[in-house]
Every structure is written in structure tokens, then in C-alpha cells.
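Visitor: Take a look at this one; I'll ask things after.
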Amino acid sequence: RLLTMINNLFPTPIYSNTIDSDTLKKLQTDINDYIKNNRSEFNLKAWNCNTETNILCEEEKSFFPKYLKDLIIQNTVSYFSQAGFKLAPFFISGCWLTLGGKGAFQDLHDHLDSTTQRDVFSGVMYISIDENSGGEFIIQSPIDTLVNLLPQSGIESKSERPEYNKSNTAKYKPRVLMNAREGMFISFPSWLKHGSLDYRSDKKKRISISWNITLLDNITFDSTNALLTNPTNQMI
């Protein structure tokens, strides 16, 4: 007798964690102070959505204290380990803030063209959000284009944003929604499309930190303090 089955292959490793309350409180205080003192650095025109960001500001004016750098590095090392990747030299190639009020959203996008360097992971950490008020983090299947070549599945995708409802093959083009909460830390492959749904609260701003992780060759990895160093220049 012939047995039939369907195997869903090729999983994508997504790392998530919750940062400790003391670090979260420090980030909330320091970031709110940074925003007040650097309001002109936030731009609505950086992306095709109504979310503000300081991604275009000069490096010396960005928010990137050492304790934040260490937090991202430590969790990235944990990502390597838990996903079964061989630990390789890396550095944080970009770090920026995003602000969103009521109605703010972020279109689906990836970070493949964000730099000419070899980005391997990207991440987001939520600092401020009115929980259960929209603004869910979206992760979309990496086969979103190729899956359209399959027959229609008869299962429609439903979302607040019409542009996320285009496919009739939703069963094989899944979009995972994660309810954003303060302190949530997520890291994922940079080629994975992601975004956020409309934020419905006017009680507090939705504030998050995002970054990219780039692999480097021909450098020394110091596993003691999770810093990467070049023979002549210390790298992040």
C-alpha cells in the first residue's frame, strides 16, 4: 500500500527574548531623553510609511550606548548558538530608532539592499508600546514570490492592510503576527520580509530599536567580552 504525506520543509530560525526590566527601564529613560534632545534627527521621509526614524542621522548623533551594543551582541551570540550556527566574526553595522503614533505602520521590507556589506541578521527591540493596541510585528514567508506559481489554495489572507491580502495562496505564503510588547527582542535573517500593522493607540508612542548584523572575515573574535577586533582597529 502506498502511503502519501506532505512534508513542509526548510524552516527559518527566528530568535526571540525578553530583556530584563532594569535594562528596559534604563533604555526607556535614555531614549526618551535622546528624543527630546534630538527631535530634528527624526525623519518621516526616510521610508514609504508614516513611521519616524533617525536612520539618516550622522553616526555621532545616533543613539548607541555601550550597554545597548553589549545587549545586542550577547543576544546575537545566543542566536548563533541556539540556531546551531557556527559562531563567526560579526559586528553591528547599523542601529536606529523608530517612532510611531496612532495610525503608524511599516510596510513589508527586507534589509538585503540596506548596505553593500554582508548583512546576515537584522533585529528589533520594543521599548515603548501600548500592548494589545495593534502594531503587531509581521514576518512573511521567504517564498512569497515563488509561491504565487502554485495553484490557488482557496484560503484567503486577512489583514488590516489591504496590500497584505493580495495572495490566494495564503496557506503557503504565511505571515506570522507577533504581538509587540515592551522588552521584546527579535532577531532574524536579513532577507526575511517584515513590517508592522497599524498602531491604534494614542496613549503612548510606539518606540523600537532596529539594527543589522554583518559578518566579517579575517578578524579575531574575543569570546570573553563578545567584542570583535581587527588587528589594527577595534570593531563593534
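Residues in the C-alpha cells are named by chain (A, B, ... in the order shown) and by number from 1 within that chain; ligands are numbered from 1 in the order shown.
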What residues in stretch 14-161 of chain A get the DSSP label alpha helix (DSSP H)? Please answer as a compact mmCIF listing (two decimals) with C-alpha atoms, in the first residue's frame.

Guide:
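Contents of result.txt, freshly written:
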# COMPACT_ATOMS: atom_id res chain seq x y z
CA SER A 21 13.24 45.02 33.49
CA ASP A 22 16.17 47.12 34.76
CA THR A 23 17.75 47.34 31.31
CA LEU A 24 14.35 48.14 29.76
CA LYS A 25 13.74 50.97 32.23
CA LYS A 26 17.19 52.42 31.53
CA LEU A 27 16.58 52.24 27.78
CA GLN A 28 13.17 53.91 28.17
CA THR A 29 14.65 56.77 30.19
CA ASP A 30 17.72 57.27 27.98
CA ILE A 31 15.79 57.03 24.71
CA ASN A 32 13.10 59.48 25.83
CA ASP A 33 15.86 61.93 26.79
CA TYR A 34 17.58 61.34 23.45
CA ILE A 35 14.36 62.01 21.51
CA LYS A 36 13.71 65.25 23.41
CA ASN A 37 17.23 66.49 22.71
CA LYS A 66 27.78 50.66 25.11
CA TYR A 67 25.22 48.78 27.21
CA LEU A 68 22.89 48.60 24.17
CA LYS A 69 25.74 47.38 21.97
CA ASP A 70 26.63 44.70 24.52
CA LEU A 71 22.98 43.63 24.79
CA ILE A 72 22.67 43.15 21.01
CA ILE A 73 25.99 41.30 20.80
CA GLN A 74 25.17 38.95 23.67
CA ASN A 75 21.80 38.04 22.17
CA THR A 76 23.32 37.60 18.70
CA VAL A 77 25.86 35.16 20.11
CA SER A 78 22.93 33.33 21.71
CA TYR A 79 21.14 33.32 18.34
CA PHE A 80 24.16 31.66 16.71
CA SER A 81 24.24 29.03 19.44
CA GLN A 82 20.54 28.21 19.69
CA ALA A 83 20.06 28.07 15.91

Visitor: So that I can see what lies close to stretch 104-110 of chain A, please list as a VMD selection string the residues with an atom at most 6 Å from it, counting only C-alpha atoms and leaving out residues fewer than 6 positions away in the same chain.

Guide: chain A and resid 49 to 51 191 to 199

Visitor: Would you give me, as a PyMOL selection string, the residues in stretch 183-219 of chain A that DSSP reads as strand (DSSP E or B)?

Guide: chain A and resi 184-189+194-196+199+206-215

Visitor: Can you tell me how far atom CA of A:Thr53 sits from atom CA of A:Arg206, in Å to one decimal?

Guide: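 Rounded to one decimal, the two atoms are 11.6 Å apart.
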
Visitor: Measuring atom to atom with only C-alpha atoms, identify which of A:Val124, A:Asn48, A:Asn38, A:Asn43 is nearest to A:Ser62.

Guide: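 Distance minimum relative to A:Ser62 lands on A:Asn38.
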
Visitor: Quick one: residues within 8 Å of A:Phe185, only C-alpha atoms counted, chain neighbours fewer than 5 positions away excluded, as a PDB file with all heavy atoms, in the first residue's frame?

Guide:
ATOM      1  N   SER A  16      13.989  35.011  19.633  1.00  0.00           N
ATOM      2  CA  SER A  16      13.241  35.968  20.447  1.00  0.00           C
ATOM      3  C   SER A  16      13.649  35.844  21.903  1.00  0.00           C
ATOM      4  O   SER A  16      14.015  34.770  22.372  1.00  0.00           O
ATOM      5  CB  SER A  16      11.727  35.761  20.291  1.00  0.00           C
ATOM      6  OG  SER A  16      11.341  34.498  20.774  1.00  0.00           O
ATOM      7  N   ASN A  17      13.577  36.968  22.596  1.00  0.00           N
ATOM      8  CA  ASN A  17      13.947  37.014  24.002  1.00  0.00           C
ATOM      9  C   ASN A  17      13.220  38.197  24.628  1.00  0.00           C
ATOM     10  O   ASN A  17      12.654  39.045  23.923  1.00  0.00           O
ATOM     11  CB  ASN A  17      15.466  37.166  24.140  1.00  0.00           C
ATOM     12  CG  ASN A  17      15.958  36.895  25.563  1.00  0.00           C
ATOM     13  OD1 ASN A  17      15.199  36.422  26.414  1.00  0.00           O
ATOM     14  ND2 ASN A  17      17.219  37.199  25.832  1.00  0.00           N
ATOM     15  N   THR A  18      13.238  38.267  25.942  1.00  0.00           N
ATOM     16  CA  THR A  18      12.707  39.421  26.667  1.00  0.00           C
ATOM     17  C   THR A  18      13.819  39.973  27.538  1.00  0.00           C
ATOM     18  O   THR A  18      14.391  39.245  28.355  1.00  0.00           O
ATOM     19  CB  THR A  18      11.506  39.029  27.548  1.00  0.00           C
ATOM     20  OG1 THR A  18      10.469  38.478  26.712  1.00  0.00           O
ATOM     21  CG2 THR A  18      10.958  40.244  28.283  1.00  0.00           C
ATOM     22  N   ILE A  19      14.144  41.244  27.364  1.00  0.00           N
ATOM     23  CA  ILE A  19      15.237  41.829  28.135  1.00  0.00           C
ATOM     24  C   ILE A  19      14.776  42.085  29.569  1.00  0.00           C
ATOM     25  O   ILE A  19      13.579  42.212  29.839  1.00  0.00           O
ATOM     26  CB  ILE A  19      15.767  43.123  27.487  1.00  0.00           C
ATOM     27  CG1 ILE A  19      14.696  44.206  27.465  1.00  0.00           C
ATOM     28  CG2 ILE A  19      16.246  42.838  26.073  1.00  0.00           C
ATOM     29  CD1 ILE A  19      15.215  45.540  26.961  1.00  0.00           C
ATOM     30  N   GLY A 123      17.392  42.891  13.432  1.00  0.00           N
ATOM     31  CA  GLY A 123      16.643  42.712  14.667  1.00  0.00           C
ATOM     32  C   GLY A 123      15.832  43.935  15.035  1.00  0.00           C
ATOM     33  O   GLY A 123      16.020  45.021  14.479  1.00  0.00           O
ATOM     34  N   VAL A 124      14.920  43.730  15.970  1.00  0.00           N
ATOM     35  CA  VAL A 124      14.111  44.816  16.509  1.00  0.00           C
ATOM     36  C   VAL A 124      13.871  44.549  17.989  1.00  0.00           C
ATOM     37  O   VAL A 124      13.738  43.399  18.417  1.00  0.00           O
ATOM     38  CB  VAL A 124      12.770  44.952  15.742  1.00  0.00           C
ATOM     39  CG1 VAL A 124      11.939  43.678  15.868  1.00  0.00           C
ATOM     40  CG2 VAL A 124      11.981  46.154  16.234  1.00  0.00           C
ATOM     41  N   MET A 125      13.855  45.628  18.755  1.00  0.00           N
ATOM     42  CA  MET A 125      13.567  45.536  20.186  1.00  0.00           C
ATOM     43  C   MET A 125      12.559  46.635  20.525  1.00  0.00           C
ATOM     44  O   MET A 125      12.764  47.799  20.173  1.00  0.00           O
ATOM     45  CB  MET A 125      14.859  45.696  20.995  1.00  0.00           C
ATOM     46  CG  MET A 125      14.667  45.635  22.491  1.00  0.00           C
ATOM     47  SD  MET A 125      16.232  45.387  23.386  1.00  0.00           S
ATOM     48  CE  MET A 125      17.320  46.570  22.596  1.00  0.00           C
ATOM     49  N   TYR A 126      11.480  46.254  21.198  1.00  0.00           N
ATOM     50  CA  TYR A 126      10.424  47.210  21.515  1.00  0.00           C
ATOM     51  C   TYR A 126      10.680  47.852  22.875  1.00  0.00           C
ATOM     52  O   TYR A 126      10.822  47.168  23.887  1.00  0.00           O
ATOM     53  CB  TYR A 126       9.061  46.524  21.485  1.00  0.00           C
ATOM     54  CG  TYR A 126       8.597  46.239  20.079  1.00  0.00           C
ATOM     55  CD1 TYR A 126       8.922  45.036  19.453  1.00  0.00           C
ATOM     56  CD2 TYR A 126       7.888  47.189  19.352  1.00  0.00           C
ATOM     57  CE1 TYR A 126       8.527  44.787  18.148  1.00  0.00           C
ATOM     58  CE2 TYR A 126       7.489  46.945  18.047  1.00  0.00           C
ATOM     59  CZ  TYR A 126       7.813  45.741  17.456  1.00  0.00           C
ATOM     60  OH  TYR A 126       7.430  45.500  16.161  1.00  0.00           O
TER      61      TYR A 126
END

Visitor: Given the choices A:Phe137, A:Phe42, A:Phe188, A:Trp211, which gets closest to A:Ile92 if the distance is worked out from only C-alpha atoms?

Guide: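 Of A:Phe137, A:Phe42, A:Phe188, A:Trp211, the one nearest A:Ile92 is A:Trp211, counting only C-alpha atoms.
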
Visitor: Which is closer to A:Ser93 than all the others in A:Met5, A:Ile213, A:Leu177, A:Ile139, using only C-alpha atoms?

Guide: A:Ile213

Visitor: So which one's closest to A:Arg181, A:Glu136, A:Asp144, A:Glu52, A:Asp202? Using only C-alpha atoms, please.

Guide: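 Of the candidates, the smallest distance to A:Arg181 is held by A:Glu136.
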
Visitor: Quick one: distance from atom CA of A:Phe121 to atom CA of A:Asn212 in Å, one decimal?

Guide: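 Taking atom CA of A:Phe121 as the start and atom CA of A:Asn212 as the end point, the length is 5.9 Å.
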